[in-house]
Every structure is written in structure tokens, then in C-alpha cells.
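Peer 1: I'd like to ask some things about the structure below.
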Amino acid sequence: MCGIVGYIGSKEAFPILIKGLKRLEYRGYDSAGVALLNNKGELNVYKTKGKVKSLEAYCNHKDTTGTIGIAHTRWATHGEPNDKNAHPHYSQSESIALIHNGIIENYLSIKKLLIREGYTFKSDTDTEVLVQAIEYIKSRYDLSLFDAVKRTLKFVIGAYAIGVIEKNNPNCIIAARKGSPLIIGIGEGEFFLGSDATPIIEYTSDVVYLNDEEVVKLERGKKIEVNNLNDEAVHHDIITIKLELCDIEKAGYPHFMLKEIFEQSRSLAMCMNGRLNMELKEIKLSGIINHIDKFRDAKRIIITACGTSWHAGLIGKYLFEEFCRIPVDIEVASEFRYRDPVINKGDILIPISQSGETADTLAAMDLAKSQGAFIYGICNVVGSSIARGTDSGTYTHAGPEIGVASTKAFTTQVTVLIMMAVSIGRELGTLCESRYKQIVGELSNITTKIEETFMLASEIERISSVFTYARNFMYLGRGYNYPVALEGALKLKEISYIHAEGYPAAEMKHGPIALIDEEMPIVVVSPKLKIYDKVVSNVQEIKARKGKIIAIVTKGDVDIKKMADFCIEIPDTEECLTPLLTVIPLQFLSYYIARIKGRDVDQPRNLAKSVTVE
Ligand code: M6R
């Protein structure tokens with residue numbers, strides 16, 4: 001989704017802004033632009049459809065001087081991706097420029113009022129309406145830019161993160177947020193704006209996270225000044241973030257996705273670090289220890305999330321029900337939030353999100369919170385909106401995930417869910433001590449087994465080259481590996497654009513079996529399971545119809561191996577931990593197919609990394 005960068009200080013702004021936009025490219029976008037105030041008092045806006053590279057080329061031989069500027073990558077919502085709809089947008093008199101991430105829901109009614117006042121519009125965007133409204137309010141009430149932004153935002157319905165600069169005010173950037181992410185970086189005599197920390201981290205680790213409906217004035221030589229929309233001053237502590245530049249670079253890999261697949265042993269180790277004591281075979285999650293009574297009293301757990309995080313949540317349902325005997329509802333956040341769900345006192349809602357900024361998950365969380373649920377979040381991005389809105393929770397500590405296709409976020413989310421379920425189960429007495437120790441002992445070995453699974457990469461690359469012809473894929477799994485089948489299918493369609501469906505294996509004969517012929521590749525995720533024999537029967541049904549079987553099995557498998565066209569063998573582990581291993585071959589499969597087909601693996605078409613609009 002849209003990316004925001006801003007700079008004010010003593011350095012030339014343009015190179016910082018362009019580099020920042022490049023660091024935000026992973027979020028997904030279709031056009032880019034920049035606004036700069038030069039020392040002649042001119043406010044220059046340059047913008048173009050396409051990549052940041054095109055913007056750079058477009059700016060060649062243009063005046064890109066100035067020590068204050070704002071820049072943007074746009075992911076189209078209102079109006080198609082083209083030059084005129086790209087941000088920044090000028091106000092009517094071209095004396096104010098604004099960038100925006102979010103959606104102004106009441107933009108049409110504001111636009112009508114402005115048209116009546118003689119304003120004209122060059123774009124189809126809701127953003128242009130906002131900058132025009134700020135100019136209108138500023139001149140009508142004779143306000144400073146800071147005050148005009150506050151006054152305007154009072155009328156705005158919707159979500160926004162904005163950066164605003166003004167021709168006659170070369171010493172100040174105004175920014176604000178509600179529902180869309182925005183971070184302020186604080187350097188030595190300079191300030192930065194970023195949709196996340198990636199464009200800032202090279203310059204400073206000191207940041208301030210704005211809350212919803214807060215407006216900030218970043219003025220040269222002064223301290224950061226934050227107000228709410230009622231003009232009241234708000235104090236924010238400066239937070240030091242732990243993020244290294246190497247975490248957000250490719251480190252020699254051709255794609256972030258491949259780097260992140262191979263990072264999974266390390267990210268799981270980080271996720272378990274300080275929580276899992278390998279010698280004592282004990283797990284200690286402070287969020288759980290501090291709130292164990294909530295889980296003891298819980299009548300129900302509701303898990304909500306989107307995309308890959310929802311698949312991790314489905315595994316959570318199997319885990320909590322098996323080990324804690326607490327009923328779990330799992331629901332896609334966009335449905336949950338609009339369904340008028342029944343939430344009872346004592347319900348626990350677990351929102352799961354890599355970015356912590358997904359609009360639907362955030363809204364689902366707010367809804368459950370307003371109805372009295374206890375919120376226990378699972379998030380990767382520290383300080384994100386979801387992380388800050390929870391009552392308690394556990395960070396996944398996967399490190400920055402840049403590839404649009406989620407990989408290490410998924411396995412760390414599942415790891416957190418495993419640690420939560422077995423800790424709660426032990427406390428509740430629904431998981432006996434010996435079984436607890438067995439699972440925790442096995443979890444201690446899982447990173448070694450993940451590294452063994454990495455050795456399969458070249459074999460899977462070879463298998464992938466066989467299937468680039470396919471227009472459809474089917475993924476089947478049962479139990480803990482049914483969500484893995486869904487995840488494998490999502491990965492493939494996201495980055496290779498091949499249609500893929502995931503099903504519970506036994507559901508196949510209720511319809512999808514009609515699709516099977518000698519051309520159809522079917523990925524069967526069937527490690528050693530309690531109901532392995534049932535999966536064997538499902539595979540026989542495919543074989544009888546000549547489907548091409550790619551099976552993910554446990555080392556030493558006999559029955560499925562005999563029937564499969566291609567067999568990928570993973571190390572043996574506890575059934576509840578198998579998703580941590582079975583998903584890796586599926587990540588490789590989608591990566592290599594997409595790569596062989598020449599797809600843009602890290603920034604697939606139409607997709608955004610962080611979906612901050614509903
Ligand atoms: O940041 P979140 O985990 O909340 O994101 C949810 C989905 O948008 C995300 O998992 C998406 O499905 C990924 N592109 C999957 O690879």
C-alpha cells in the first residue's frame with residue numbers, strides 16, 4: 001500500500017526521499033512522486049506512473065534542490081494509476097503539497113462544497129480533496145498550516161497518514177495519522193517521516209509513533225510538537241527501535257522472498273529466544289504468565305486475521321482445541337468486523353498480523369475490544385497499530401519481512417501459537433506434563449530440522465521446472481496440514497499468477513475431484529499423521545484419475561511415495577509441529593515456479609505488503 005517519506009534538516013532532501021521510497025517499494029505501488037521546497041521559495045512537485053526508477057529518470061535535469069520535502073508511492077484506490085492521480089497533490093493555488101495513505105470516505109461531499117466555492121480538481125483522488133480543503137480552511141479562517149490541518153481533519157471521515165508542506169513555510173512539515181501507519185524519525189537537527197521504519201533506520205533509531213487523530217509539527221531547530229484534533233498538546237516518549245540496515249537488504253540473494261525463506265531457522269530461534277528453555281524444556285511467555293486467569297476463565301477464543309496470518313490462525317484453532325480444550329472460532333477479519341458478531345464477557349480475541357497495520361484486522365480488534373473482549377495480539381512489527389491496541393500479546397520477532405509473499409511471518413506466528421497453546425494447556429491441566437515436555441523438547445530441535453528442509457531447495461527447483469505449464473494447481477492436506485495446503489495455494493497464486501486451490505483432502509470427492517485429469521498437479525501435504533491412512537486413500541483416489549501428485553511426506557514414507565510422481569521428504573517431528581516443516585517445500589515450490597516464469601517475485605502485480613485500506 002502507499003508509502004510515505006519526508007525529510008526536513010540541513011541535507012539535500014531529494015536523495016534521502018528517493019532512497020526512502022526505494023526502501024518502501026516492497027509495500028506494493030503503482031506510481032511515485034516527490035514535492036520539494038527549494039531555497040528560492042519554489043514548491044516543485046514531480047510525479048509519474050510506474051516505479052521509483054521512472055520517477056528518478058523523470059526528475060533528471062529538473063530542479064531537485066531543497067532541504068525539505070515529502071515523497072510518496074501510491075497504490076491506487078480512487079482513480080486509476082496514472083501521472084495525474086499520483087501524489088503529491090497541490091492545492092488550488094499550488095502553495096500547499098500533500099501526500100496521503102488511506103481513504104477519505106466523505107471526500108465526495110467535501111468536494112461538492114469546494115466546487116461551490118470555486119475550487120477545481122485535476123485528479124480523481126480523495127487526496128486532492130483533502131489538500132484543497134486544508135487550503136480553503138487555512139485562508140477562510142486565517143490559520144497557520146498546523147492549525148488548518150487540525151481543523152480540516154475534524155471533518156474528515158476515514159483513514160489517513162499525511163505529510164504536508166507549504167511554499168511560504170520552508171521550515172516546517174506537518175503530518176498526521178488516523179488508522180494508517182506513520183512514524184516520525186528524530187535525528188540531529190533533522191526529522192524524518194516514514195510509513196514504517198525502513199526509510200528512517202539508516203539515519204536514526206529514535207522514533208515517535210503518533211496515535212490516531214494526532215497532528216505533528218516538525219520545525220527546523222525546534223522540538224517535535226504534537227497536538228490532538230482539539231488543539232491539546234500530547235507528550236510522546238522517544239522510542240529507540242532495534243532494526244539493523246542489513247535486516248532490510250537482500251544480502252546477496254536474488255529476492256527478499258528467498259532470503260526470508262532461508263532465514264526461517266534464525267527467525268524461529270529469535271522467536272523462541274528467552275522464551276523456550278531448552279535444558280529445562282520449559283516455555284515462559286510473559287503475556288501468558290501475566291494473564292493466565294483470563295485464559296483459565298475463557299469460554300471461547302476468537303482468532304481473527306487476513307491472508308497468511310489467517311492460515312496461521314487456523315492452525316491455532318487445532319492447537320488450542322487439542323491442548324487447552326477451549327473452543328476456538330477463527331474468522332477472516334473483514335467478515336468478522338461487519339457480521340455483528342456475538343462477543344461475550346470472558347471471550348479472548350487473538351488478532352494475528354505480521355505488519356500490525358492490516359485495516360480489517362485492526363478494525364476487528366477494535367470492535368471486539370469495544371464489546372469487552374480481552375485482546376491478546378500476535379504481531380511482528382514492534383510498535384505497530386495492532387501491537388499498541390492489544391491488552392497483551394507476544395511479538396513473533398521474525399525481523400522485517402520485505403517480500404510481499406509472507407514466509408517467515410507464517411512460521412513464527414505458528415511457533416508463537418504452539419508456545420501459547422502448550423503453556424496454557426499445561427497451566428490448565430489439559431496437557432499432561434510428559435506430553436508437554438515431549439512437545440517442548442521437539443520444539444527445541446525444530447530449527448535444525450528446518451535447516452535440513454532447506455537442503456531440499458535444488459530438488460524442488462527441478463520439480464518446479466516441470467510444472468510451469470500448469471494453469472491450475474490443487475493443494476490438499478488434513479488436520480494441522482489443511483491450513484498448510486491453503487497457505488501453499490495462496491503462495492503459488494500470489495507470485496506465479498497460477499490459479500491454485502487448497503482443500504481438506506477428504507473434501508475433494510465432494511466436488512474438486514471433477515477437475516482432476518492427467519494435466520492437473522496436486523500437491524498433497526501428508527506427513528506422518530494420526531489419520532495418515534485416510535490421506536493414503538485420498539491419494540489413491542487422485543491416482544485412479546491420473547492426477548500428477550507432488551507429495552510432501554515424512555522421511556521413510558512408503559505408501560504415498562509409491563503413488564506420488566514426485567516425493568519431497570521432510571524430517572520426522574511431532575504432528576502439531578509439522579506445519580513448520582511442510583510449509584517450507586511449498587514456499588520453495590511457489591518461489592521457483594514464479595522465478596522460472598519470470599514473475600516479479602517480491603512485488604507481484606496488484607498486491608501490497610501491508611493492506612492498510614479495507
Ligand atoms: O500484515 P498481515 O499479516 O496482517 O497481512 C495479512 C495479509 O495481507 C498477508 O498475509 C497476505 O495475505 C500476504 N501477501 C500473504 O503472503
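Just remember, in the C-alpha cells the first chain shown is A, the second B, etc., residues are 1-based per chain, and ligands are 1-based in the order shown.
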Produce as a ChimeraX atom specification the set of residues near ligand 1, where near means within 8 Å with only C-alpha atoms and all ligand atoms considered.

Peer 2: /A:305-310,352-358,361,379,404-407,409,490-491,494,607-611

Peer 1: At a cut-off of 9 Å, using only C-alpha atoms, what residues contact Asn290 of chain A? Leave out same-chain residues fewer than 4 positions from it and give the result as a ChimeraX atom specification.

Peer 2: /A:285-286,392

Peer 1: Could you please take those selected residues and save N, CA, C and O atoms as an mmCIF file, in the first residue's frame?

Peer 2:
```cif
data_model
loop_
_atom_site.group_PDB
_atom_site.id
_atom_site.type_symbol
_atom_site.label_atom_id
_atom_site.label_comp_id
_atom_site.auth_asym_id
_atom_site.auth_seq_id
_atom_site.Cartn_x
_atom_site.Cartn_y
_atom_site.Cartn_z
ATOM 1 N N LEU A 285 6.124 -17.481 28.493
ATOM 2 C CA LEU A 285 5.683 -16.319 27.718
ATOM 3 C C LEU A 285 5.114 -15.327 28.723
ATOM 4 O O LEU A 285 4.099 -15.636 29.383
ATOM 5 N N SER A 286 5.729 -14.161 28.841
ATOM 6 C CA SER A 286 5.299 -13.253 29.906
ATOM 7 C C SER A 286 3.828 -12.858 29.745
ATOM 8 O O SER A 286 3.093 -12.769 30.725
ATOM 9 N N SER A 392 -2.554 -7.387 25.753
ATOM 10 C CA SER A 392 -1.290 -8.093 25.977
ATOM 11 C C SER A 392 -0.983 -8.841 24.684
ATOM 12 O O SER A 392 -1.765 -8.784 23.733
#
```

Peer 1: Smallest atom-to-atom distance to Ile418 of chain A: which of A:Trp75, A:Phe467, A:Tyr497, A:Phe320, using only C-alpha atoms?

Peer 2: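 Using only C-alpha atoms, the shortest distance to Ile418 of chain A belongs to A:Phe320.
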
Peer 1: Counting only C-alpha atoms, what are the residues of segment 149-268 of chain A within 10 Å of segment 117-131 of chain A, and for each of them which pair of atoms is the nearest and at what distance in Å, to one decimal? Sort the table by chain and rising number, as a tab-separated table.

Peer 2:
```
residue	atom	partner	partner_atom	distance
A:Val149	CA	A:Val131	CA	9.0
A:Thr152	CA	A:Leu130	CA	8.0
A:Leu153	CA	A:Leu130	CA	8.6
A:Val156	CA	A:Leu130	CA	8.4
A:Tyr160	CA	A:Thr127	CA	9.4
A:Ile162	CA	A:Thr127	CA	9.3
A:Val164	CA	A:Val131	CA	8.4
```

Peer 1: Assign secondary structure with DSSP using the backbone only, and return the residues of segment 280-339 of chain A in strand (DSSP E) as a PyMOL selection string.

Peer 2: chain A and resi 282-283+300-305+328-332

Peer 1: State, in Å with one decimal place, the distance from atom CA of Ile552 of chain A to atom CA of Cys567 of chain A.

Peer 2: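 Atom CA of Cys567 of chain A lies 6.1 Å from atom CA of Ile552 of chain A.
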
Peer 1: Taking 5 positions as the minimum chain separation for residues in the same chain, which residues sit within 12 Å of Phe410 of chain A when counting only C-alpha atoms? Answer as a PyMOL selection string.

Peer 2: chain A and resi 260-261+264+267-268+271+305-316+352-355+378-380+396-398+401+405+415-417+483-484+487-488+491+579-581+583-584+587
